[in-house]
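Structure file structure30.cif with mmCIF, C-alpha atoms:
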data_entry
loop_
_atom_site.label_atom_id
_atom_site.label_comp_id
_atom_site.auth_asym_id
_atom_site.auth_seq_id
_atom_site.Cartn_x
_atom_site.Cartn_y
_atom_site.Cartn_z
CA MET A 1 10.03 -40.18 30.19
CA PRO A 2 8.96 -41.67 26.88
CA ARG A 3 8.06 -39.16 24.18
CA GLU A 4 4.42 -39.12 23.14
CA SER A 5 3.56 -40.07 19.59
CA ALA A 6 3.55 -37.13 17.20
CA ALA A 7 1.11 -38.77 14.79
CA ARG A 8 -1.40 -36.31 13.44
CA ALA A 9 -5.08 -36.90 13.14
CA PRO A 10 -6.35 -37.07 9.55
CA ALA A 11 -7.13 -33.64 8.19
CA ALA A 12 -10.82 -32.91 7.89
CA PRO A 13 -12.00 -32.60 4.29
CA ALA A 14 -12.22 -29.01 3.09
CA LYS A 15 -15.70 -27.60 3.40
CA SER A 16 -17.24 -26.82 0.02
CA LYS A 17 -18.32 -23.28 -0.65
CA ARG A 18 -22.03 -22.68 -0.94
CA ALA A 19 -21.67 -21.53 -4.55
CA ASP A 20 -19.77 -24.72 -5.43
CA LEU A 21 -22.55 -26.84 -3.95
CA VAL A 22 -25.13 -24.90 -5.96
CA ALA A 23 -23.06 -25.38 -9.12
CA GLU A 24 -23.14 -29.13 -8.46
CA GLU A 25 -26.91 -29.01 -8.02
CA ILE A 26 -27.29 -27.17 -11.33
CA LYS A 27 -25.22 -29.91 -13.00
CA ARG A 28 -27.58 -32.46 -11.48
CA LEU A 29 -30.54 -30.47 -12.82
CA ILE A 30 -28.98 -30.41 -16.31
CA THR A 31 -28.62 -34.19 -16.16
CA GLU A 32 -32.08 -34.88 -14.78
CA ARG A 33 -33.80 -32.64 -17.34
CA ASP A 34 -31.59 -33.96 -20.15
CA LEU A 35 -30.71 -30.44 -21.24
CA ARG A 36 -28.65 -30.21 -24.41
CA PRO A 37 -26.42 -27.52 -25.96
CA GLY A 38 -28.63 -24.57 -26.88
CA ASP A 39 -31.19 -25.23 -24.12
CA LYS A 40 -31.73 -22.50 -21.55
CA LEU A 41 -31.45 -22.88 -17.82
CA PRO A 42 -34.31 -21.59 -15.65
CA ARG A 43 -34.03 -17.84 -15.05
CA GLU A 44 -31.69 -16.68 -12.34
CA ASN A 45 -34.45 -15.74 -9.90
CA GLU A 46 -36.10 -19.13 -10.44
CA LEU A 47 -32.81 -20.88 -9.66
CA GLN A 48 -32.43 -18.72 -6.54
CA GLN A 49 -35.85 -19.82 -5.30
CA LEU A 50 -35.23 -23.44 -6.28
CA PHE A 51 -31.99 -23.66 -4.27
CA ALA A 52 -32.87 -21.04 -1.63
CA VAL A 53 -29.73 -18.96 -2.09
CA SER A 54 -28.88 -15.28 -2.51
CA LYS A 55 -28.38 -13.55 -5.85
CA SER A 56 -24.62 -13.26 -5.27
CA THR A 57 -24.30 -16.98 -4.49
CA MET A 58 -26.27 -17.93 -7.59
CA ARG A 59 -24.18 -15.66 -9.81
CA GLU A 60 -20.99 -17.14 -8.39
CA ALA A 61 -22.29 -20.64 -9.10
CA LEU A 62 -23.24 -19.74 -12.67
CA LYS A 63 -19.86 -18.08 -13.21
CA SER A 64 -18.17 -21.29 -12.05
CA LEU A 65 -20.12 -23.28 -14.64
CA GLU A 66 -19.25 -20.70 -17.29
CA VAL A 67 -15.53 -21.04 -16.50
CA GLN A 68 -15.90 -24.81 -16.83
CA GLY A 69 -17.33 -24.24 -20.31
CA LEU A 70 -20.75 -25.75 -19.57
CA VAL A 71 -22.88 -22.62 -19.86
CA THR A 72 -22.78 -19.12 -21.29
CA ILE A 73 -24.31 -16.26 -19.34
CA SER A 74 -26.01 -13.27 -20.94
CA THR A 75 -27.61 -10.24 -19.32
CA GLY A 76 -30.77 -8.27 -20.06
CA PRO A 77 -34.49 -9.07 -20.06
CA THR A 78 -34.02 -12.29 -22.05
CA GLY A 79 -30.65 -13.14 -20.51
CA GLY A 80 -29.65 -16.02 -18.33
CA GLY A 81 -27.75 -19.26 -18.62
CA ARG A 82 -27.65 -21.36 -21.77
CA ILE A 83 -26.12 -24.83 -22.10
CA VAL A 84 -23.13 -25.05 -24.45
CA GLU A 85 -20.95 -27.92 -25.59
CA VAL A 86 -17.57 -27.82 -23.88
CA THR A 87 -15.04 -26.84 -26.54
CA LEU A 88 -12.08 -28.94 -27.53
CA ASP A 89 -9.80 -26.04 -26.66
CA ARG A 90 -11.09 -25.77 -23.11
CA THR A 91 -10.77 -29.52 -22.62
CA PHE A 92 -7.23 -29.43 -23.98
CA GLN A 93 -6.32 -26.58 -21.67
CA LEU A 94 -7.59 -28.44 -18.60
CA MET A 95 -5.81 -31.61 -19.68
CA GLN A 96 -2.57 -29.68 -20.15
CA ASN A 97 -2.94 -28.21 -16.66
CA TYR A 98 -2.85 -31.78 -15.41
CA LEU A 99 -0.05 -32.97 -17.69
CA PHE A 100 2.10 -29.94 -16.84
CA PHE A 101 3.12 -31.71 -13.65
CA LYS A 102 3.82 -35.04 -15.39
CA GLU A 103 6.88 -36.20 -17.29
CA VAL A 104 5.25 -36.66 -20.71
CA THR A 105 7.65 -36.96 -23.63
CA ILE A 106 7.11 -36.86 -27.37
CA ASP A 107 8.00 -40.59 -27.41
CA ASP A 108 5.05 -41.17 -25.07
CA ILE A 109 2.79 -39.30 -27.50
CA TYR A 110 3.92 -41.32 -30.50
CA THR A 111 3.53 -44.60 -28.61
CA VAL A 112 -0.17 -43.76 -28.31
CA ARG A 113 -0.45 -42.38 -31.86
CA LYS A 114 0.91 -45.64 -33.28
CA LEU A 115 -1.95 -47.47 -31.58
CA LEU A 116 -4.82 -45.07 -32.29
CA GLU A 117 -4.21 -43.29 -35.59
CA PRO A 118 -4.47 -46.42 -37.79
CA GLU A 119 -7.88 -47.25 -36.29
CA LEU A 120 -9.01 -43.64 -36.49
CA ALA A 121 -8.15 -43.41 -40.18
CA ALA A 122 -9.64 -46.79 -41.08
CA GLY A 123 -12.86 -45.96 -39.24
CA ALA A 124 -13.16 -42.65 -41.09
CA VAL A 125 -12.98 -44.20 -44.57
CA PRO A 126 -16.70 -45.04 -45.08
CA HIS A 127 -17.72 -41.55 -43.91
CA LEU A 128 -15.39 -39.31 -45.92
CA THR A 129 -17.24 -36.94 -48.25
CA GLU A 130 -16.01 -35.22 -51.37
CA ALA A 131 -15.58 -32.07 -49.29
CA ASP A 132 -13.34 -34.05 -46.91
CA PHE A 133 -11.23 -35.32 -49.80
CA GLU A 134 -10.82 -31.76 -51.08
CA ALA A 135 -9.74 -30.65 -47.62
CA LEU A 136 -7.26 -33.52 -47.35
CA THR A 137 -5.78 -32.67 -50.75
CA HIS A 138 -5.52 -29.00 -49.82
CA SER A 139 -3.72 -29.92 -46.59
CA ILE A 140 -1.20 -32.02 -48.54
CA GLU A 141 -0.51 -29.11 -50.87
CA CYS A 142 0.04 -26.75 -47.94
CA CYS A 143 2.61 -28.96 -46.20
CA ASP A 144 4.50 -29.93 -49.36
CA PRO A 145 8.06 -28.47 -49.08
CA SER A 146 8.23 -28.19 -52.87
CA SER A 147 5.11 -26.00 -53.00
CA GLY A 148 7.01 -23.00 -51.69
CA ARG A 149 4.09 -22.07 -49.43
CA THR A 150 6.28 -22.02 -46.32
CA ALA A 151 9.84 -22.89 -45.35
CA ASP A 152 8.89 -23.00 -41.67
CA VAL A 153 9.20 -26.61 -40.51
CA VAL A 154 6.91 -26.01 -37.52
CA ALA A 155 4.21 -24.52 -39.78
CA GLN A 156 4.52 -27.51 -42.11
CA ARG A 157 4.18 -29.95 -39.23
CA LYS A 158 1.07 -28.12 -38.01
CA GLU A 159 -0.45 -28.49 -41.47
CA ASP A 160 0.39 -32.20 -41.32
CA LEU A 161 -1.70 -32.35 -38.15
CA ASN A 162 -4.62 -30.66 -39.92
CA PHE A 163 -4.66 -33.68 -42.27
CA HIS A 164 -5.17 -35.94 -39.26
CA ASP A 165 -7.84 -33.62 -37.84
CA ILE A 166 -9.87 -33.98 -41.03
CA LEU A 167 -9.80 -37.76 -40.66
CA ALA A 168 -10.73 -37.44 -36.98
CA LEU A 169 -13.77 -35.30 -37.77
CA ALA A 170 -15.03 -37.96 -40.18
CA ASN A 171 -14.71 -40.82 -37.69
CA PRO A 172 -18.04 -41.62 -35.97
CA ASN A 173 -16.44 -42.88 -32.73
CA PRO A 174 -16.61 -39.80 -30.46
CA PHE A 175 -14.13 -41.06 -27.86
CA LEU A 176 -11.52 -42.13 -30.40
CA ARG A 177 -12.01 -38.86 -32.29
CA PHE A 178 -11.65 -36.81 -29.09
CA THR A 179 -8.52 -38.66 -27.96
CA CYS A 180 -6.75 -38.22 -31.31
CA GLN A 181 -7.74 -34.56 -31.53
CA MET A 182 -6.30 -34.00 -28.05
CA ILE A 183 -3.03 -35.60 -29.13
CA ASN A 184 -2.95 -33.50 -32.29
CA GLU A 185 -3.48 -30.36 -30.26
CA MET A 186 -0.69 -31.28 -27.85
CA LEU A 187 1.70 -31.71 -30.77
CA ARG A 188 0.46 -28.53 -32.42
CA GLN A 189 0.74 -26.34 -29.34
CA LEU A 190 3.73 -27.82 -27.54
CA THR A 191 6.18 -29.31 -30.05
CA VAL A 192 9.48 -27.53 -30.65
CA PHE A 193 12.39 -28.56 -32.87
CA GLU A 194 16.05 -27.90 -32.17
CA ASN A 195 17.47 -25.14 -34.36
CA ASP A 196 20.60 -27.07 -35.37
CA THR A 197 18.67 -29.71 -37.31
CA PRO A 198 19.85 -29.87 -40.96
CA THR A 199 17.40 -28.36 -43.43
CA ARG A 200 17.62 -31.48 -45.61
CA THR A 201 16.17 -33.59 -42.76
CA GLN A 202 13.28 -31.18 -42.37
CA ARG A 203 12.64 -31.33 -46.10
CA ARG A 204 12.78 -35.13 -46.17
CA PHE A 205 10.25 -35.28 -43.35
CA GLY A 206 7.86 -33.05 -45.27
CA GLN A 207 8.32 -35.03 -48.48
CA ALA A 208 7.76 -38.33 -46.67
CA ASN A 209 4.55 -36.98 -45.15
CA VAL A 210 3.31 -35.78 -48.52
CA ARG A 211 3.91 -39.18 -50.13
CA ILE A 212 2.21 -41.19 -47.40
CA HIS A 213 -0.69 -38.73 -47.12
CA GLN A 214 -1.26 -39.00 -50.87
CA ASP A 215 -1.27 -42.81 -50.64
CA ILE A 216 -3.72 -42.67 -47.72
CA VAL A 217 -6.09 -40.42 -49.67
CA ALA A 218 -5.91 -42.70 -52.71
CA ALA A 219 -6.73 -45.76 -50.61
CA ALA A 220 -9.53 -43.90 -48.82
CA ARG A 221 -11.06 -42.85 -52.15
CA ALA A 222 -11.07 -46.54 -53.08
CA ARG A 223 -12.83 -47.18 -49.72
CA ASP A 224 -10.05 -49.59 -48.81
CA ALA A 225 -10.03 -49.29 -45.01
CA ASP A 226 -7.51 -52.10 -44.52
CA THR A 227 -4.93 -50.41 -46.72
CA VAL A 228 -5.56 -47.08 -45.00
CA ARG A 229 -4.97 -48.76 -41.63
CA ARG A 230 -1.70 -50.29 -42.85
CA LEU A 231 -0.46 -47.06 -44.44
CA MET A 232 -1.27 -45.03 -41.33
CA ALA A 233 0.62 -47.51 -39.15
CA GLU A 234 3.66 -47.14 -41.44
CA HIS A 235 3.21 -43.36 -41.35
CA MET A 236 3.28 -43.21 -37.55
CA ILE A 237 6.47 -45.28 -37.37
CA GLU A 238 8.17 -43.16 -40.02
CA ALA A 239 6.99 -39.88 -38.48
CA SER A 240 8.24 -40.92 -35.05
CA GLY A 241 11.67 -41.58 -36.53
CA TYR A 242 11.83 -38.19 -38.22
CA VAL A 243 10.71 -36.39 -35.06
CA LYS A 244 13.66 -37.95 -33.26
CA LYS A 245 16.03 -36.86 -36.05
CA LEU A 246 14.60 -33.34 -35.80
CA ASN A 247 15.15 -33.37 -32.02
CA GLY A 248 11.46 -32.76 -31.45
CA LYS A 249 10.45 -32.12 -27.85
CA LEU A 250 7.36 -31.16 -25.89
CA ARG A 251 7.52 -27.86 -24.05
CA GLY A 252 6.30 -28.19 -20.48
CA ARG A 253 4.08 -25.15 -20.12
CA LEU A 254 0.58 -24.02 -19.29
CA VAL A 255 -1.55 -22.98 -22.23
CA LEU A 256 -3.08 -19.50 -21.91
CA ASP A 257 -6.64 -18.49 -22.76
CA SER A 258 -5.25 -16.05 -25.33
CA GLU A 259 -3.58 -18.92 -27.18
CA MET A 260 -6.72 -20.95 -27.69
CA THR A 261 -7.37 -21.33 -31.41
CA ARG A 262 -10.86 -22.86 -31.46
CA ARG A 263 -9.72 -25.85 -33.49
CA GLY A 264 -12.80 -27.98 -32.91
CA THR A 265 -14.01 -27.24 -36.45
CA LEU A 266 -10.71 -26.11 -37.93
CA ALA A 267 -10.40 -28.71 -40.65
CA ARG A 268 -13.78 -28.12 -42.26
CA GLY A 269 -13.61 -24.40 -41.56
CA ALA A 270 -10.33 -24.21 -43.45
CA LEU A 271 -11.96 -26.02 -46.35
CA HIS A 272 -14.81 -23.51 -46.47
CA ARG A 273 -12.38 -20.58 -46.46
CA HIS A 274 -10.38 -22.27 -49.21
CA ASN A 275 -13.47 -22.77 -51.35
CA ASP A 276 -14.62 -19.19 -50.82
CA LYS A 277 -11.42 -17.74 -52.34
#

Would you encode the structure as structure tokens?
Amino acid sequence: MPRESAARAPAAPAKSKRADLVAEEIKRLITERDLRPGDKLPRENELQQLFAVSKSTMREALKSLEVQGLVTISTGPTGGGRIVEVTLDRTFQLMQNYLFFKEVTIDDIYTVRKLLEPELAAGAVPHLTEADFEALTHSIECCDPSSGRTADVVAQRKEDLNFHDILALANPNPFLRFTCQMINEMLRQLTVFENDTPTRTQRRFGQANVRIHQDIVAAARARDADTVRRLMAEHMIEASGYVKKLNGKLRGRLVLDSEMTRRGTLARGALHRHNDK
């Protein structure tokens, strides 16, 4: 007797939880009312009546939005939900959750940096302020191997990335800025160097970065965006070569909440702390 087909029927889509559906409706409300960071949501009891749900369901929905980074919840007579801008750290963490299951290499990262960083830097040139130039100069001093500030190659490379963050913050293109900041954060959080790399190679990398960063700042002060673009393109090629010599790799790991460093305003915040000393 012929065997019957064992083909399975398509699985039914998972049924959404009530709280998840309410969270989606609150997102729709935020969009329709054009609520911005700092604006308050309707009070909890008003939201309950609006969506005809229990207190526990509404609190679960609000907690879901809080975890997503869209709102903050406070208690008390004047408490409730308030819209907040999703932080760069939270976005990076969610992106890394996705990339954890992908085969992303440091070569992949530099392939993208070579394309984006020259345009990011050139676009920042007309918008750099004197405070930005002071921050850029301070960053160069911090990552200079001859300064004696640190012999830690990883710490020096992180300071190199702060230089690029300052340029990113000055660029008016929000999507380009966001993409480059995400890349910088990946390199900052996940890059490791093999321990057997000669110290002289580490030092040469730092010196090369200092020289090219100084040239970029000089061209930016002259408001020469074309030269900045060219120098940054050369910088990315040179940096990629040194990373290979240093056996740089990306660690495949999930980033913890406790490791988040709130770097969205790091570059200018570092400048303020520097000026306050």

Who sits within 9 Å of Leu167 in chain A, all atoms listed in the file, same chain under 3 positions skipped, as a compact mmCIF listing (two decimals) with C-alpha atoms, in the frame of the given file:
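Ended up saving to around.txt:
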# COMPACT_ATOMS: atom_id res chain seq x y z
CA LEU A 120 -9.01 -43.64 -36.49
CA ALA A 121 -8.15 -43.41 -40.18
CA GLY A 123 -12.86 -45.96 -39.24
CA ALA A 124 -13.16 -42.65 -41.09
CA VAL A 125 -12.98 -44.20 -44.57
CA LEU A 128 -15.39 -39.31 -45.92
CA ASP A 132 -13.34 -34.05 -46.91
CA LEU A 136 -7.26 -33.52 -47.35
CA ASN A 162 -4.62 -30.66 -39.92
CA PHE A 163 -4.66 -33.68 -42.27
CA HIS A 164 -5.17 -35.94 -39.26
CA ALA A 170 -15.03 -37.96 -40.18
CA ASN A 171 -14.71 -40.82 -37.69
CA ARG A 177 -12.01 -38.86 -32.29

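Distances here use all atoms listed in the file; by that measure, the residue among A:Thr31, A:Asn97, A:Thr105, A:Asn209 closest to Glu234 in chain A is A:Asn209.
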
### Message
Residue by residue, what does the PyMOL selection byres ((chain A and resi 98-102) around 8) grab here? Present the result as a PyMOL selection string.
### Response
chain A and resi 94-97+103-104+252-254

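Using all atoms listed in the file, the residues found no farther than 8 Å from Asp20 in chain A, other than those of its own chain fewer than 3 positions away, are Ser16, Lys17, Ala23, Glu24, Ala61 and Ser64 of chain A.
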
(request) For the structure provided, state which residues fall under the PyMOL selection byres ((chain A and resi 91) around 12), and present them as a PyMOL selection string. (result) chain A and resi 67-70+85-90+92-98+178-179+181-183+185-186+255+257+260+262-264

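All residues of protein, DNA or RNA that reach within 8 Å of range 45-58 of chain A, judged by only C-alpha atoms and not counting those fewer than 3 positions away in the chain, are Arg18, Ala19, Val22, Pro42, Ala61 and Leu62 of chain A.
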
Q.
As an exercise, work out the distance from CA of Arg203 in chain A to CA of Arg113 in chain A in Å and give it to one decimal place.
A.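 Distance between the two atoms: 22.3 Å.
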
Applying the PyMOL selection byres ((chain A and resi 205) around 9) to the file I just gave you, which residues come out? Please list them as a list in words. Arg200, Thr201, Gln202, Arg203, Arg204, Gly206, Gln207, Ala208, Asn209, Val210, Glu238, Ala239, Tyr242, Val243 and Leu246 of chain A

Mind listing as a tab-separated table (two decimals) with C-alpha atoms, in the coordinates of the input all residues within 10 Å of (14.7, -37.0, -32.4), counting all atoms listed in the file?
chain	number	residue	atom	x	y	z
A	106	ILE	CA	7.11	-36.86	-27.37
A	107	ASP	CA	8.00	-40.59	-27.41
A	193	PHE	CA	12.39	-28.56	-32.87
A	194	GLU	CA	16.05	-27.90	-32.17
A	197	THR	CA	18.67	-29.71	-37.31
A	240	SER	CA	8.24	-40.92	-35.05
A	241	GLY	CA	11.67	-41.58	-36.53
A	242	TYR	CA	11.83	-38.19	-38.22
A	243	VAL	CA	10.71	-36.39	-35.06
A	244	LYS	CA	13.66	-37.95	-33.26
A	245	LYS	CA	16.03	-36.86	-36.05
A	246	LEU	CA	14.60	-33.34	-35.80
A	247	ASN	CA	15.15	-33.37	-32.02
A	248	GLY	CA	11.46	-32.76	-31.45
A	249	LYS	CA	10.45	-32.12	-27.85

### Query
Once you count all atoms listed in the file, which residues end up no further than 12 Å from (-11.3, -42.9, -48.2) in the file's frame, shown as an MDAnalysis selection string?
chainID A and resid 120:134 136:137 166:167 170:171 213:229

Could you work out how far CA of Leu250 in chain A lies from CA of Pro145 in chain A, giving the answer in Å with one decimal?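 That distance, rounded to one decimal, is 23.4 Å.
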
re CA of Arg157 in chain A and CA of Leu187 in chain A: distance 9.0 Å

| Selection near Leu41 in chain A, 8 Å with all atoms listed in the file, sequence-local residues under 4 positions removed, as a PyMOL selection string | chain A and resi 80-83
